[in-house]
>>> print(open('my_file-v4.cif').read())   # mmCIF, C-alpha atoms, pLDDT in the B column; chains and numbers go by the auth columns
data_final
loop_
_atom_site.group_PDB
_atom_site.id
_atom_site.type_symbol
_atom_site.label_atom_id
_atom_site.label_comp_id
_atom_site.label_asym_id
_atom_site.label_seq_id
_atom_site.Cartn_x
_atom_site.Cartn_y
_atom_site.Cartn_z
_atom_site.B_iso_or_equiv
_atom_site.auth_seq_id
_atom_site.auth_asym_id
ATOM 1 C CA MET A 1 -25.331 97.544 115.258 40.00 2 C
ATOM 2 C CA ASN A 2 -24.670 100.566 113.087 42.00 3 C
ATOM 3 C CA ASN A 3 -26.643 102.721 115.492 41.00 4 C
ATOM 4 C CA ASP A 4 -24.451 101.586 118.370 42.00 5 C
ATOM 5 C CA ASN A 5 -21.327 102.858 116.695 42.00 6 C
ATOM 6 C CA PRO A 6 -22.380 105.322 114.041 39.00 7 C
ATOM 7 C CA VAL A 7 -19.052 107.133 113.959 37.00 8 C
ATOM 8 C CA ASP A 8 -17.044 103.983 113.594 40.00 9 C
ATOM 9 C CA GLY A 9 -19.472 102.631 111.085 39.00 10 C
ATOM 10 C CA THR A 10 -19.176 105.647 108.813 39.00 11 C
ATOM 11 C CA SER A 11 -15.599 106.681 109.374 40.00 12 C
ATOM 12 C CA SER A 12 -13.911 103.326 108.928 39.00 13 C
ATOM 13 C CA PRO A 13 -14.913 102.812 105.313 38.00 14 C
ATOM 14 C CA GLU A 14 -13.843 106.343 104.451 38.00 15 C
ATOM 15 C CA VAL A 15 -10.484 105.873 106.070 38.00 16 C
ATOM 16 C CA GLN A 16 -10.075 102.534 104.350 42.00 17 C
ATOM 17 C CA THR A 17 -11.018 104.029 101.027 42.00 18 C
ATOM 18 C CA GLY A 18 -8.605 106.860 101.555 42.00 19 C
ATOM 19 C CA ASP A 19 -5.789 104.523 102.497 46.00 20 C
ATOM 20 C CA GLY A 20 -6.663 102.228 99.668 47.00 21 C
ATOM 21 C CA GLY A 21 -6.498 105.063 97.204 48.00 22 C
ATOM 22 C CA GLY A 22 -3.194 106.189 98.655 52.00 23 C
ATOM 23 C CA ASN A 23 -1.769 102.686 98.467 62.00 24 C
ATOM 24 C CA ALA A 24 -3.006 102.279 94.942 63.00 25 C
ATOM 25 C CA GLY A 25 -1.388 105.549 93.942 63.00 26 C
ATOM 26 C CA GLY A 26 1.854 104.568 95.642 66.00 27 C
ATOM 27 C CA ALA A 27 1.758 101.174 94.020 65.00 28 C
ATOM 28 C CA VAL A 28 1.305 102.756 90.588 67.00 29 C
ATOM 29 C CA GLU A 29 4.183 105.130 91.252 66.00 30 C
ATOM 30 C CA ARG A 30 6.376 102.267 92.412 68.00 31 C
ATOM 31 C CA ALA A 31 5.425 100.258 89.331 68.00 32 C
ATOM 32 C CA ILE A 32 6.356 103.192 87.101 68.00 33 C
ATOM 33 C CA ASP A 33 9.612 103.646 88.989 79.00 34 C
ATOM 34 C CA ARG A 34 10.371 99.966 88.543 76.00 35 C
ATOM 35 C CA ASP A 35 9.590 100.118 84.842 81.00 36 C
ATOM 36 C CA VAL A 36 11.991 103.028 84.468 82.00 37 C
ATOM 37 C CA LEU A 37 14.686 101.642 86.743 87.00 38 C
ATOM 38 C CA ALA A 38 14.700 98.040 85.573 89.00 39 C
ATOM 39 C CA PRO A 39 16.274 98.670 82.133 91.00 40 C
ATOM 40 C CA PHE A 40 18.827 100.972 83.736 92.00 41 C
ATOM 41 C CA ILE A 41 19.752 98.287 86.255 92.00 42 C
ATOM 42 C CA ALA A 42 19.939 95.711 83.466 93.00 43 C
ATOM 43 C CA VAL A 43 22.421 97.898 81.585 94.00 44 C
ATOM 44 C CA LEU A 44 24.495 98.342 84.749 94.00 45 C
ATOM 45 C CA ALA A 45 24.427 94.589 85.330 93.00 46 C
ATOM 46 C CA TRP A 46 25.628 94.001 81.784 94.00 47 C
ATOM 47 C CA ILE A 47 28.447 96.547 81.809 95.00 48 C
ATOM 48 C CA VAL A 48 29.876 95.478 85.170 95.00 49 C
ATOM 49 C CA PRO A 49 28.878 91.946 86.206 94.00 50 C
ATOM 50 C CA GLY A 50 27.151 92.098 89.587 93.00 51 C
ATOM 51 C CA LEU A 51 26.706 95.863 89.641 94.00 52 C
ATOM 52 C CA GLY A 52 22.956 95.605 89.015 92.00 53 C
ATOM 53 C CA HIS A 53 22.580 93.404 92.080 92.00 54 C
ATOM 54 C CA LEU A 54 24.898 95.623 94.096 93.00 55 C
ATOM 55 C CA VAL A 55 22.727 98.661 93.352 91.00 56 C
ATOM 56 C CA MET A 56 19.761 96.703 94.713 91.00 57 C
ATOM 57 C CA ARG A 57 21.792 95.819 97.814 88.00 58 C
ATOM 58 C CA ARG A 58 22.185 92.173 97.025 89.00 59 C
ATOM 59 C CA ARG A 59 25.865 92.110 97.806 89.00 60 C
ATOM 60 C CA GLY A 60 26.349 88.348 98.031 89.00 61 C
ATOM 61 C CA ARG A 61 24.861 87.709 94.641 91.00 62 C
ATOM 62 C CA ALA A 62 26.751 90.653 93.163 93.00 63 C
ATOM 63 C CA LEU A 63 30.032 89.248 94.419 93.00 64 C
ATOM 64 C CA VAL A 64 29.219 85.784 93.102 93.00 65 C
ATOM 65 C CA PHE A 65 28.479 87.089 89.627 94.00 66 C
ATOM 66 C CA PHE A 66 31.473 89.386 89.491 95.00 67 C
ATOM 67 C CA LEU A 67 33.873 86.659 90.563 95.00 68 C
ATOM 68 C CA THR A 68 32.440 83.908 88.388 95.00 69 C
ATOM 69 C CA VAL A 69 32.044 85.998 85.238 95.00 70 C
ATOM 70 C CA GLY A 70 35.424 87.626 85.783 94.00 71 C
ATOM 71 C CA GLY A 71 37.046 84.295 86.573 94.00 72 C
ATOM 72 C CA LEU A 72 35.663 82.637 83.462 94.00 73 C
ATOM 73 C CA ALA A 73 36.576 85.564 81.203 94.00 74 C
ATOM 74 C CA ILE A 74 40.104 86.069 82.541 92.00 75 C
ATOM 75 C CA ALA A 75 40.796 82.326 82.488 91.00 76 C
ATOM 76 C CA GLY A 76 39.607 82.300 78.879 91.00 77 C
ATOM 77 C CA TYR A 77 41.901 85.164 77.947 90.00 78 C
ATOM 78 C CA LEU A 78 44.887 83.612 79.715 88.00 79 C
ATOM 79 C CA LEU A 79 44.204 80.380 77.852 87.00 80 C
ATOM 80 C CA ARG A 80 44.266 82.512 74.696 87.00 81 C
ATOM 81 C CA GLY A 81 40.756 81.740 73.586 87.00 82 C
ATOM 82 C CA ASN A 82 39.201 83.303 70.525 86.00 83 C
ATOM 83 C CA VAL A 83 37.289 86.558 70.998 89.00 84 C
ATOM 84 C CA PHE A 84 34.716 87.051 68.261 89.00 85 C
ATOM 85 C CA PRO A 85 34.613 90.528 66.685 88.00 86 C
ATOM 86 C CA PRO A 86 31.261 92.262 65.994 87.00 87 C
ATOM 87 C CA ARG A 87 31.350 91.574 62.271 83.00 88 C
ATOM 88 C CA THR A 88 32.417 88.108 61.334 79.00 89 C
ATOM 89 C CA GLY A 89 30.254 87.601 58.258 82.00 90 C
ATOM 90 C CA GLU A 90 28.984 84.219 59.394 87.00 91 C
ATOM 91 C CA PRO A 91 26.049 83.232 61.632 86.00 92 C
ATOM 92 C CA PHE A 92 28.104 81.251 64.137 88.00 93 C
ATOM 93 C CA GLY A 93 30.551 84.109 64.418 88.00 94 C
ATOM 94 C CA THR A 94 27.670 86.463 65.203 90.00 95 C
ATOM 95 C CA LEU A 95 26.398 84.077 67.866 92.00 96 C
ATOM 96 C CA GLY A 96 29.909 83.884 69.258 90.00 97 C
ATOM 97 C CA PHE A 97 30.099 87.665 69.370 92.00 98 C
ATOM 98 C CA LEU A 98 26.765 87.904 71.188 92.00 99 C
ATOM 99 C CA ALA A 99 27.923 85.347 73.754 92.00 100 C
ATOM 100 C CA ASP A 100 31.303 87.051 74.226 91.00 101 C
ATOM 101 C CA ALA A 101 29.841 90.547 74.420 92.00 102 C
ATOM 102 C CA GLY A 102 27.531 89.369 77.185 92.00 103 C
ATOM 103 C CA SER A 103 30.404 89.650 79.634 90.00 104 C
ATOM 104 C CA GLY A 104 30.255 93.446 79.374 91.00 105 C
ATOM 105 C CA MET A 105 33.417 95.195 80.459 92.00 106 C
ATOM 106 C CA PHE A 106 35.427 91.986 80.281 92.00 107 C
ATOM 107 C CA TYR A 107 34.720 91.840 76.550 91.00 108 C
ATOM 108 C CA PHE A 108 36.058 95.343 76.107 90.00 109 C
ATOM 109 C CA LEU A 109 39.078 94.519 78.262 87.00 110 C
ATOM 110 C CA SER A 110 39.944 91.564 76.052 84.00 111 C
ATOM 111 C CA ARG A 111 42.282 93.614 73.914 77.00 112 C
ATOM 112 C CA PHE A 112 44.361 94.373 77.012 80.00 113 C
ATOM 113 C CA LEU A 113 44.025 91.014 78.696 78.00 114 C
ATOM 114 C CA GLU A 114 44.737 89.051 75.549 75.00 115 C
ATOM 115 C CA SER A 115 47.132 91.317 73.753 73.00 116 C
ATOM 116 C CA ALA A 116 49.042 88.343 72.314 75.00 117 C
ATOM 117 C CA GLY A 117 45.913 87.287 70.421 78.00 118 C
ATOM 118 C CA PRO A 118 44.112 83.955 70.362 78.00 119 C
ATOM 119 C CA ASN A 119 45.848 80.661 69.828 79.00 120 C
ATOM 120 C CA VAL A 120 43.283 77.988 69.069 76.00 121 C
ATOM 121 C CA SER A 121 45.829 75.659 67.501 76.00 122 C
ATOM 122 C CA ARG A 122 46.212 74.188 70.985 79.00 123 C
ATOM 123 C CA ALA A 123 43.499 72.616 73.109 80.00 124 C
ATOM 124 C CA ALA A 124 43.964 75.285 75.782 82.00 125 C
ATOM 125 C CA GLY A 125 42.992 77.997 73.309 83.00 126 C
ATOM 126 C CA ASP A 126 39.883 76.067 72.384 85.00 127 C
ATOM 127 C CA TYR A 127 38.964 75.779 76.057 90.00 128 C
ATOM 128 C CA GLY A 128 39.586 79.480 76.410 90.00 129 C
ATOM 129 C CA THR A 129 37.064 80.215 73.671 92.00 130 C
ATOM 130 C CA ARG A 130 34.430 78.273 75.622 93.00 131 C
ATOM 131 C CA PHE A 131 35.354 79.964 78.876 94.00 132 C
ATOM 132 C CA ILE A 132 34.915 83.407 77.331 94.00 133 C
ATOM 133 C CA ALA A 133 31.554 82.476 75.810 94.00 134 C
ATOM 134 C CA ALA A 134 30.409 80.946 79.099 95.00 135 C
ATOM 135 C CA ALA A 135 31.349 84.145 80.931 95.00 136 C
ATOM 136 C CA GLY A 136 29.077 86.104 78.613 95.00 137 C
ATOM 137 C CA ILE A 137 26.200 83.657 78.970 95.00 138 C
ATOM 138 C CA VAL A 138 26.454 83.611 82.765 95.00 139 C
ATOM 139 C CA ASN A 139 26.475 87.393 82.821 95.00 140 C
ATOM 140 C CA LEU A 140 23.415 87.519 80.567 95.00 141 C
ATOM 141 C CA LEU A 141 21.649 85.248 83.060 95.00 142 C
ATOM 142 C CA SER A 142 22.624 87.648 85.826 94.00 143 C
ATOM 143 C CA VAL A 143 21.309 90.571 83.757 95.00 144 C
ATOM 144 C CA PHE A 144 17.920 88.882 83.402 94.00 145 C
ATOM 145 C CA ASP A 145 17.943 88.078 87.105 93.00 146 C
ATOM 146 C CA ALA A 146 18.693 91.697 88.031 93.00 147 C
ATOM 147 C CA TYR A 147 15.994 92.893 85.641 93.00 148 C
ATOM 148 C CA GLU A 148 13.402 90.575 87.154 92.00 149 C
ATOM 149 C CA ILE A 149 14.338 91.619 90.675 92.00 150 C
ATOM 150 C CA ALA A 150 14.147 95.287 89.709 91.00 151 C
ATOM 151 C CA LEU A 151 10.668 94.738 88.298 88.00 152 C
ATOM 152 C CA GLY A 152 9.624 93.021 91.524 84.00 153 C
ATOM 153 C CA ARG A 153 8.913 89.716 89.846 81.00 154 C
ATOM 154 C CA ARG A 154 11.535 87.947 91.943 77.00 155 C
ATOM 155 C CA THR A 155 11.790 88.398 95.663 71.00 156 C
ATOM 156 C CA MET A 156 14.904 86.342 96.309 65.00 157 C
ATOM 157 C CA MET B 1 49.365 97.630 83.640 51.00 1 T
ATOM 158 C CA ILE B 2 46.881 94.809 83.163 55.00 2 T
ATOM 159 C CA GLY B 3 47.993 94.425 79.584 56.00 3 T
ATOM 160 C CA SER B 4 51.661 94.177 80.521 56.00 4 T
ATOM 161 C CA TRP B 5 50.805 91.671 83.262 54.00 5 T
ATOM 162 C CA ALA B 6 48.920 89.503 80.781 55.00 6 T
ATOM 163 C CA GLU B 7 51.731 89.844 78.248 57.00 7 T
ATOM 164 C CA LEU B 8 54.167 88.687 80.875 52.00 8 T
ATOM 165 C CA LEU B 9 52.095 85.600 81.578 55.00 9 T
ATOM 166 C CA VAL B 10 51.664 84.801 77.912 52.00 10 T
ATOM 167 C CA ALA B 11 55.307 85.485 77.104 52.00 11 T
ATOM 168 C CA ARG B 12 56.376 83.073 79.827 48.00 12 T
ATOM 169 C CA ASN B 13 53.948 80.555 78.400 48.00 13 T
ATOM 170 C CA VAL B 14 52.388 80.111 81.818 53.00 14 T
ATOM 171 C CA SER B 15 48.773 80.267 80.782 52.00 15 T
ATOM 172 C CA PRO B 16 48.332 77.478 78.224 63.00 16 T
ATOM 173 C CA GLN B 17 49.764 74.845 80.573 72.00 17 T
ATOM 174 C CA ILE B 18 46.514 73.344 81.747 81.00 18 T
ATOM 175 C CA SER B 19 45.276 69.797 81.484 86.00 19 T
ATOM 176 C CA HIS B 20 41.897 68.827 80.086 87.00 20 T
ATOM 177 C CA PHE B 21 40.753 67.721 83.515 90.00 21 T
ATOM 178 C CA SER B 22 41.904 70.925 85.198 91.00 22 T
ATOM 179 C CA ALA B 23 40.120 73.029 82.594 91.00 23 T
ATOM 180 C CA MET B 24 36.953 71.000 83.093 92.00 24 T
ATOM 181 C CA CYS B 25 37.176 71.352 86.876 94.00 25 T
ATOM 182 C CA LEU B 26 37.714 75.097 86.682 94.00 26 T
ATOM 183 C CA PHE B 27 34.819 75.533 84.276 94.00 27 T
ATOM 184 C CA ALA B 28 32.522 73.298 86.351 95.00 28 T
ATOM 185 C CA LEU B 29 33.428 75.089 89.564 96.00 29 T
ATOM 186 C CA LEU B 30 32.814 78.600 88.269 95.00 30 T
ATOM 187 C CA VAL B 31 29.591 77.758 86.437 95.00 31 T
ATOM 188 C CA SER B 32 28.279 75.784 89.431 96.00 32 T
ATOM 189 C CA ILE B 33 28.879 78.728 91.755 95.00 33 T
ATOM 190 C CA ALA B 34 27.163 81.084 89.316 94.00 34 T
ATOM 191 C CA LEU B 35 24.131 78.802 88.954 94.00 35 T
ATOM 192 C CA ALA B 36 23.910 78.367 92.727 94.00 36 T
ATOM 193 C CA GLY B 37 24.010 82.130 93.217 91.00 37 T
ATOM 194 C CA LEU B 38 21.319 82.522 90.604 90.00 38 T
ATOM 195 C CA THR B 39 18.861 79.930 91.816 91.00 39 T
ATOM 196 C CA LYS B 40 19.265 79.603 95.585 90.00 40 T
ATOM 197 C CA ARG B 41 18.457 82.022 98.371 85.00 41 T
ATOM 198 C CA THR B 42 20.515 81.164 101.439 88.00 42 T
ATOM 199 C CA ALA B 43 24.250 80.568 101.734 89.00 43 T
ATOM 200 C CA LEU B 44 23.785 76.977 102.858 94.00 44 T
ATOM 201 C CA GLU B 45 21.479 76.187 99.962 93.00 45 T
ATOM 202 C CA ARG B 46 23.959 77.779 97.573 93.00 46 T
ATOM 203 C CA VAL B 47 26.885 75.763 98.887 94.00 47 T
ATOM 204 C CA LYS B 48 24.910 72.527 98.682 96.00 48 T
ATOM 205 C CA TYR B 49 23.665 73.252 95.194 96.00 49 T
ATOM 206 C CA ALA B 50 27.095 74.362 93.959 96.00 50 T
ATOM 207 C CA ALA B 51 28.736 71.202 95.317 97.00 51 T
ATOM 208 C CA SER B 52 26.016 69.005 93.819 97.00 52 T
ATOM 209 C CA CYS B 53 26.181 70.781 90.465 96.00 53 T
ATOM 210 C CA PHE B 54 29.984 70.629 90.403 97.00 54 T
ATOM 211 C CA LEU B 55 30.040 66.875 91.055 97.00 55 T
ATOM 212 C CA LYS B 56 27.367 66.288 88.421 97.00 56 T
ATOM 213 C CA PHE B 57 29.369 68.331 85.906 95.00 57 T
ATOM 214 C CA LEU B 58 32.405 66.162 86.586 96.00 58 T
ATOM 215 C CA ALA B 59 30.429 62.913 86.483 96.00 59 T
ATOM 216 C CA VAL B 60 28.787 63.769 83.172 96.00 60 T
ATOM 217 C CA GLY B 61 32.077 65.024 81.697 93.00 61 T
ATOM 218 C CA ILE B 62 33.930 61.848 82.659 93.00 62 T
ATOM 219 C CA ALA B 63 31.048 59.653 81.458 95.00 63 T
ATOM 220 C CA ILE B 64 30.949 61.384 78.073 93.00 64 T
ATOM 221 C CA GLY B 65 34.737 61.111 77.864 90.00 65 T
ATOM 222 C CA TRP B 66 34.570 57.348 78.367 92.00 66 T
ATOM 223 C CA LEU B 67 31.692 57.038 75.911 94.00 67 T
ATOM 224 C CA MET B 68 33.826 58.750 73.274 91.00 68 T
ATOM 225 C CA TYR B 69 36.908 56.722 74.103 88.00 69 T
ATOM 226 C CA PRO B 70 36.251 53.884 71.597 89.00 70 T
ATOM 227 C CA PHE B 71 35.958 56.374 68.737 87.00 71 T
ATOM 228 C CA SER B 72 39.486 57.650 69.333 81.00 72 T
ATOM 229 C CA HIS B 73 41.048 54.238 68.752 76.00 73 T
#
>>> encode(input="my_file-v4.cif", output="structure tokens")
Amino acid sequence: MNNDNPVDGTSSPEVQTGDGGGNAGGAVERAIDRDVLAPFIAVLAWIVPGLGHLVMRRRGRALVFFLTVGGLAIAGYLLRGNVFPPRTGEPFGTLGFLADAGSGMFYFLSRFLESAGPNVSRAAGDYGTRFIAAAGIVNLLSVFDAYEIALGRRTM
Amino acid sequence: MIGSWAELLVARNVSPQISHFSAMCLFALLVSIALAGLTKRTALERVKYAASCFLKFLAVGIAIGWLMYPFSH
């Protein structure tokens, strides 16, 4: 059998080995690229909701996250919900800050969008506080999603 | 510009005029869409999941509201 096709018998394994080595090298490079890019994409996804997905050409998902996070945050500000500052001095305030800050640029825009300040003496203000926190949590979920996609752990 | 627009809305007292039910619907709608976008692949699957999630949000919210009703009287 090997004598019938000596060239094929010897050349094929070499070619396969060569290709395999090339693929392995490319795979390692891609893995390194992903490891470097994934945190960068996560930061982009945090700063501007949906931008991490947009960079990876997932436009539909990017639009969904931008609209939902933006909608929740702006509705919260218009309802005059409470925006937690970085230093509140209490554990629940810190958790509130972490949730609020999750919405990225919408957190930093709060001073412009809610210039009249919070008003939690009314039910609407209390709802607004929850809307703002939910916006941050949803955006954090989108950040993790973008990070996983960038690492290649999620294909969808 | 955004700040002045928001100030205008707040000054006219437009924003806080929202009922409990409307706030719940808005919240349920936006969160349902976000969860559908996060977990489903195709547009059809997303629409189905968002609709299902939205209705479940409303059902659970109304059920909890009725469960708490006796405590308010």
>>> residues_around(input="my_file-v4.cif", residues="stretch 40-45 of chain T", least_positions_apart="6", cutoff="10 Å", atoms="all atoms listed in the file", output="list in words")
Gly61, Arg62, Thr156 and Met157 of chain C; Ala51 of chain T
>>> interface_residues(input="my_file-v4.cif", of="chain C", to="chain T", cutoff="6 Å", atoms="all atoms listed in the file", output="PyMOL selection string")
chain C and resi 62+69+79-80+113-114+125+157
>>> write_last_selection(input="my_file-v4.cif", atoms="C-alpha atoms", output="short mmCIF file (atom, residue, chain, number, x, y, z; two decimals), in the coordinates of the input")
data_model
loop_
_atom_site.label_atom_id
_atom_site.label_comp_id
_atom_site.auth_asym_id
_atom_site.auth_seq_id
_atom_site.Cartn_x
_atom_site.Cartn_y
_atom_site.Cartn_z
CA ARG C 62 24.86 87.71 94.64
CA THR C 69 32.44 83.91 88.39
CA LEU C 79 44.89 83.61 79.72
CA LEU C 80 44.20 80.38 77.85
CA PHE C 113 44.36 94.37 77.01
CA LEU C 114 44.02 91.01 78.70
CA ALA C 125 43.96 75.28 75.78
CA MET C 157 14.90 86.34 96.31
#
>>> residues_around(input="my_file-v4.cif", residues="C:Gly71", least_positions_apart="2", cutoff="9 Å", atoms="all atoms listed in the file", output="list in words")
Pro50, Phe66, Phe67, Leu68, Thr69, Leu73, Ala74, Ile75, Ala76, Ser104, Phe107 and Ala136 of chain C
>>> closest_residue(input="my_file-v4.cif", among="T:Phe21, T:Ala28, T:Pro70, T:Gly65", to="T:Ser52", atoms="all atoms listed in the file")
T:Ala28
>>> atom_distance(input="my_file-v4.cif", atom1="atom CA of C:Leu141", atom2="atom CA of T:Lys56")
23.0 Å
>>> axis_aligned_box(input="my_file-v4.cif", around="stretch 58-65 of chain C", padding_each_side="8 Å", output="lines of an AutoDock Vina configuration file")
center_x = 25.9
center_y = 90.8
center_z = 95.6
size_x = 24.2
size_y = 26.0
size_z = 20.9
>>> atom_distance(input="my_file-v4.cif", atom1="atom CA of C:Gly126", atom2="atom CA of C:Ala100")
16.8 Å
>>> atom_distance(input="my_file-v4.cif", atom1="atom CA of C:Arg81", atom2="atom CA of C:Pro119")
4.6 Å
>>> resolve_selection(input="my_file-v4.cif", expression="the PyMOL selection byres ((chain C and resi 40-45) around 10)", output="number ranges by chain")
C: 35-39, 46-57, 105, 141, 143-152
>>> closest_residue(input="my_file-v4.cif", among="C:Ala134, C:Val65, C:Asn120, C:Tyr108", to="C:Gly94", atoms="only C-alpha atoms")
C:Ala134
